[in-house]
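A.B. asks: Let me give you the structure first, and then I'll get to my questions.
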2 protein chains.
Amino acid sequence: MTDLYSIGEILKEKDNIEILTHHYPDGDTLGSAYALCLMLQSIGKKARVVTSGKVAKKYDFLKKGVEMQEFQREYVVSVDVAAPSLLGENQAEYEEIIDMCIDHHGTNAIKAEVSYVDAKAAATAEAIYELCKAMEIGLTREMASCIYTGISTDTGCFRYSNTTPCTLLIAAELMAVTPDWSQINTEMFEVKTKEKLNLERMVYETLEYSCGGKCALIYTTLEMQEKANIGDDEMEGLASIPRQIDGVLLGITMREKEDGTFKVSVRSNKDVSASDFCLRFGGGGHKGAAGCTIVGDLETVKSQLLTAACEML
Amino acid sequence: MTDLYSIGEILKEKDNIEILTHHYPDGDTLGSAYALCLMLQSIGKKARVVTSGKVAKKYDFLKKGVEMQEFQREYVVSVDVAAPSLLGENQAEYEEIIDMCIDHHGTNAIKAEVSYVDAKAAATAEAIYELCKAMEIGLTREMASCIYTGISTDTGCFRYSNTTPCTLLIAAELMAVTPDWSQINTEMFEVKTKEKLNLERMVYETLEYSCGGKCALIYTTLEMQEKANIGDDEMEGLASIPRQIDGVLLGITMREKEDGTFKVSVRSNKDVSASDFCLRFGGGGHKGAAGCTIVGDLETVKSQLLTAACEML
């Protein structure tokens, strides 16, 4: 693995740079990409961000200060992309031509000549912050807003266990550079559309406990999604609802998809392994958060999941 | 105002110290009080915490490591208590005998011989952290957990605009001392009782928009509270529901009380003043968060509030 100083030296030699985010981009991949784009443009490089899938409107502000530049790409950097499949619609075009990869997923599987993967960083944006220092680029308000967004969204605003003292030290400096951090937190963590709230209202009605309250299950159907007028890009956050209930060890969220399957997200507490649970259905993930896909109608899939949950708990 | 070094010197000369929290204590008043109690006991003083009103069960862990000591009080310190009336059931006994006051409310109105009020601190627990340094007391894991709890609860886990770079620097050190910070965040911000979730479910059904979506109103009745089997100490957090909706400038939460009144909490966004709104009903508060009490039945009070909201917006 190359160190960040060398990464910076290489970037200083390149020009006409494309920066790739992952599919259905989140705050970290976008914040990292736009911060890097701003950094490169600030030292006279031509650069642009290439996304894949619908980008939620709330991230529009990250583009602030980025110049739209015409150029033929000469160098490709991926940020926060853990594997080629996560490039989405860009996979075919870019998979084989990524020159540099900057990421924080320990499982990173991107093939690139130059790679920097810091699995201890809470967000890829932490690495971008350190790269900014290593390149001796003056951190601007816009860069700081992008990096702050990446870090705060990937840590649940410094709440999750991936946060480190270093995360907070970086955030303290970012706060001093951008007065926008508070507004960013409001937009990222508080604001909900009326449609989303309406869907949540319906989802609450589906809540069901089993295994003596140790398992909680919620679901959304295509009909509910249509009734609430909500797109797939706005479905995030639902999976955290069942796990947060006192006494619940396994929180299951089922989401009906157009292809006749249910996408199942599982969150667990204490010693219960969400990934062991999902493995039973051919899925996988981390201990606390995992997923799988099951074919079937609502009642059948639900009963399969609840039976498996009670066997496990 | 006395500086923290002098506050520390005074405390070192005293013994048999009672530490007062405010009524219906929250994470900051309790975290500050138990941290101070641990600090004093660690240098050989006798000390205890005196609370008022029901203390939510989730705060029980803050007592960890605190010794139960028998003594006749000789010195009284209030922490995070902004005014005598906030002492609740302890007001009559203690109001006139508070020797030292440590707080972060700029409006502090406690009469005490020695006073330290830092209105720039996000939480009183920040002042307790600095006092610990000033007194040269070694920060233990238990102290750090108490102080972290005070800071994180008063800042919405570093999300609210009262957070400062200094808050994050302190939190970074606390995280390094207590491995419990992540579990604390889960307990403080994620875990909900089944009863609370059930009440929220009912509250979502009361949601009503007016003024073209710029005002959102929710309510709870005694009947709902009884049906959900929820006490008054578990009602926190509801007021943030209506304000978080996209486009809502005024979020109103009505709560039916036993005395035939409605306790109204108002939260506002952008330039709308919640306190101006509540002033119309004889209440008050801050620009973004205010409250008032209105006598009447549900429909009458609701219609008064919605009429006033549309006049103002």
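Letters A, B, ... go to the chains of the structure tokens in the order shown; residues in each chain start at 1; ligands are counted from 1 in the same order.
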I need the contact residues of chain A against chain B, so if you could list those with any atom within 10 Å, counting only C-alpha atoms, and return them as an MDAnalysis selection string, that would help.

C.D. replies: chainID A and resid 152 156:176 179:187 189:198 200:205 207 209 213 240:248

A.B. asks: For the helix (DSSP H, G or I) assignment from backbone DSSP, which residues of stretch 28-250 of chain A qualify? Please present them as a PyMOL selection string.

C.D. replies: chain A and resi 28-42+57-63+84-94+124-134+141-154+165-177+181-190+194-206+211-213+222-228+232-234+240-243

A.B. asks: What's the separation between atom CA of A:Gly283 and atom CA of A:Thr29, in Å to one decimal place?

C.D. replies: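 Atom CA of A:Gly283 sits 24.3 Å away from atom CA of A:Thr29.
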
A.B. asks: Show me, as a count of residues only, the residues that have an atom within 7 Å of B:Asp103 when counting only C-alpha atoms, minus same-chain residues fewer than 2 positions from it.

C.D. replies: 10

A.B. asks: Would you mind reading off the distance between atom CA of B:Lys120 and atom CA of B:Gly284, one decimal, in Å?

C.D. replies: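 Result for atom CA of B:Lys120 versus atom CA of B:Gly284: 22.0 Å, one decimal.
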
A.B. asks: Please identify the strand (DSSP E or B) residues within stretch 56-256 of chain A (assignment by DSSP from backbone atoms) and present them as a PyMOL selection string.

C.D. replies: chain A and resi 75-79+100-103+114-117+192+208-210+215-220+245+250-256

A.B. asks: Would you save the residues of that selection, restricted to N, CA, C and O atoms, as a compact mmCIF listing (two decimals), in the first residue's frame?

C.D. replies:
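Okay, again.txt is ready:
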```txt
# COMPACT_ATOMS: atom_id res chain seq x y z
N TYR A 75 -6.69 9.95 -16.23
CA TYR A 75 -6.38 9.25 -14.97
C TYR A 75 -7.69 9.05 -14.22
O TYR A 75 -8.55 9.93 -14.19
N VAL A 76 -7.85 7.86 -13.62
CA VAL A 76 -9.11 7.53 -12.94
C VAL A 76 -8.84 7.13 -11.48
O VAL A 76 -8.02 6.26 -11.21
N VAL A 77 -9.56 7.82 -10.56
CA VAL A 77 -9.42 7.53 -9.13
C VAL A 77 -10.78 7.09 -8.60
O VAL A 77 -11.79 7.76 -8.85
N SER A 78 -10.84 5.98 -7.88
CA SER A 78 -12.10 5.60 -7.23
C SER A 78 -12.01 5.93 -5.74
O SER A 78 -10.96 5.75 -5.13
N VAL A 79 -13.10 6.45 -5.18
CA VAL A 79 -13.10 6.76 -3.75
C VAL A 79 -14.29 6.08 -3.07
O VAL A 79 -15.42 6.18 -3.52
N MET A 100 -6.10 4.60 -9.54
CA MET A 100 -5.83 4.81 -8.12
C MET A 100 -7.11 4.56 -7.33
O MET A 100 -8.19 4.93 -7.76
N CYS A 101 -6.93 3.92 -6.18
CA CYS A 101 -8.08 3.60 -5.34
C CYS A 101 -7.84 4.14 -3.93
O CYS A 101 -6.80 3.85 -3.33
N ILE A 102 -8.79 4.94 -3.43
CA ILE A 102 -8.70 5.44 -2.04
C ILE A 102 -9.96 4.97 -1.32
O ILE A 102 -11.07 5.25 -1.77
N ASP A 103 -9.78 4.26 -0.22
CA ASP A 103 -10.94 3.64 0.41
C ASP A 103 -10.67 3.35 1.89
O ASP A 103 -9.54 3.49 2.36
N VAL A 114 -2.25 1.99 -8.00
CA VAL A 114 -1.94 2.64 -6.74
C VAL A 114 -3.15 2.53 -5.82
O VAL A 114 -4.27 2.84 -6.22
N SER A 115 -2.89 2.11 -4.57
CA SER A 115 -4.02 1.86 -3.68
C SER A 115 -3.73 2.38 -2.28
O SER A 115 -2.64 2.18 -1.75
N TYR A 116 -4.72 3.04 -1.69
CA TYR A 116 -4.60 3.44 -0.28
C TYR A 116 -5.90 3.06 0.42
O TYR A 116 -6.95 3.64 0.16
N VAL A 117 -5.83 2.04 1.27
CA VAL A 117 -7.02 1.57 1.99
C VAL A 117 -6.73 1.63 3.48
O VAL A 117 -5.87 0.93 3.99
N LYS A 192 -36.91 15.03 6.91
CA LYS A 192 -37.58 13.92 6.26
C LYS A 192 -38.63 14.48 5.33
O LYS A 192 -39.32 15.42 5.69
N GLU A 208 -44.24 -6.24 14.05
CA GLU A 208 -44.68 -7.49 14.65
C GLU A 208 -43.53 -8.04 15.50
O GLU A 208 -42.39 -8.04 15.06
N TYR A 209 -43.86 -8.47 16.71
CA TYR A 209 -42.83 -9.08 17.57
C TYR A 209 -42.96 -10.60 17.53
O TYR A 209 -44.07 -11.12 17.34
N SER A 210 -41.84 -11.28 17.74
CA SER A 210 -41.93 -12.72 17.94
C SER A 210 -40.82 -13.15 18.88
O SER A 210 -40.02 -12.31 19.32
N CYS A 215 -37.39 -10.66 18.80
CA CYS A 215 -37.30 -10.40 17.36
C CYS A 215 -38.42 -9.42 16.98
O CYS A 215 -39.55 -9.57 17.45
N ALA A 216 -38.07 -8.43 16.18
CA ALA A 216 -39.09 -7.50 15.68
C ALA A 216 -38.97 -7.46 14.16
O ALA A 216 -37.85 -7.47 13.63
N LEU A 217 -40.10 -7.42 13.48
CA LEU A 217 -40.09 -7.44 12.02
C LEU A 217 -41.00 -6.35 11.47
O LEU A 217 -42.10 -6.13 11.97
N ILE A 218 -40.50 -5.64 10.46
CA ILE A 218 -41.33 -4.68 9.72
C ILE A 218 -41.18 -4.96 8.23
O ILE A 218 -40.24 -5.64 7.82
N TYR A 219 -42.11 -4.47 7.44
CA TYR A 219 -41.96 -4.67 6.00
C TYR A 219 -42.55 -3.51 5.20
O TYR A 219 -43.35 -2.73 5.71
N THR A 220 -42.09 -3.39 3.94
CA THR A 220 -42.73 -2.49 2.99
C THR A 220 -43.12 -3.32 1.77
O THR A 220 -42.41 -4.26 1.40
N ILE A 245 -35.57 -1.14 19.30
CA ILE A 245 -36.57 -1.41 20.34
C ILE A 245 -35.94 -2.18 21.50
O ILE A 245 -35.26 -3.18 21.29
N LEU A 250 -32.86 -9.19 17.39
CA LEU A 250 -32.81 -9.35 15.94
C LEU A 250 -33.91 -8.48 15.33
O LEU A 250 -35.09 -8.71 15.59
N GLY A 251 -33.52 -7.48 14.54
CA GLY A 251 -34.49 -6.60 13.89
C GLY A 251 -34.49 -6.88 12.40
O GLY A 251 -33.46 -6.78 11.74
N ILE A 252 -35.64 -7.26 11.87
CA ILE A 252 -35.72 -7.68 10.47
C ILE A 252 -36.59 -6.71 9.67
O ILE A 252 -37.69 -6.35 10.10
N THR A 253 -36.07 -6.27 8.53
CA THR A 253 -36.84 -5.38 7.65
C THR A 253 -36.95 -6.03 6.28
O THR A 253 -35.94 -6.34 5.65
N MET A 254 -38.18 -6.27 5.83
CA MET A 254 -38.41 -6.89 4.52
C MET A 254 -38.90 -5.84 3.55
O MET A 254 -39.77 -5.05 3.88
N ARG A 255 -38.33 -5.87 2.34
CA ARG A 255 -38.73 -4.87 1.36
C ARG A 255 -39.08 -5.57 0.05
O ARG A 255 -38.22 -6.19 -0.57
N GLU A 256 -40.33 -5.47 -0.35
CA GLU A 256 -40.76 -6.13 -1.58
C GLU A 256 -40.14 -5.45 -2.79
O GLU A 256 -40.15 -4.22 -2.90
```

A.B. asks: What is the atom CA of A:Ala125 to atom CA of A:Glu96 distance in Å?

C.D. replies: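 One can read the atom CA of A:Ala125 to atom CA of A:Glu96 distance as 24.1 Å.
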
A.B. asks: Find the residues around B:Gly150 up to 10 Å (only C-alpha atoms counted), leave out those fewer than 4 positions away in its own chain, and share them as a list in words.

C.D. replies: Asp26, Gly27, Asp28, Thr29, Leu30, Gly31, Ser32, Ala33, Ala35, Ala122, Ala123, Thr124, Ala125, Glu126, Ile128, Ala144, Ser145, Cys146, Asp154, Thr155 and Cys157 of chain B

A.B. asks: Write out as a list in words each polymer residue whose atoms come within 10 Å of B:Lys46, counting only C-alpha atoms; drop sequence neighbours fewer than 5 positions from it.

C.D. replies: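 These residues fall inside the cut-off: Lys14, Asp15, Asn16, Ile17, Glu18, Cys37, Leu38, Leu40, Gln41, Glu67, Met68, Gln69, Glu70, Phe71, Gln72 and Arg73 of chain B.
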
A.B. asks: Counting only C-alpha atoms, which residue out of A:Tyr34, A:Tyr94, A:Tyr5, A:Phe262 sits closest to A:Glu142?

C.D. replies: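 Among A:Tyr34, A:Tyr94, A:Tyr5, A:Phe262, it is A:Tyr34 that comes nearest to A:Glu142.
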
A.B. asks: Closest to A:Leu305 among A:Lys270, A:Lys287, A:His22, A:Lys263, using only C-alpha atoms?

C.D. replies: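 That would be A:Lys263, the residue with the smallest distance to A:Leu305.
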
A.B. asks: Considering only C-alpha atoms, return as a VMD selection string whatever protein or nucleic-acid residues lie within 12 Å of B:Ile137, sequence-local ones (same chain, fewer than 2 positions apart) excluded.

C.D. replies: chain B and resid 8 12 35 to 36 38 to 44 128 to 135 139 to 140 143 to 144

A.B. asks: Using only C-alpha atoms, which protein or nucleic acid residues come within 12 Å of A:Phe281? Drop anything in the same chain fewer than 6 positions from it, and give the result as a PyMOL selection string.

C.D. replies: chain A and resi 262-266+274-275+290-295+301+304-305+308-309
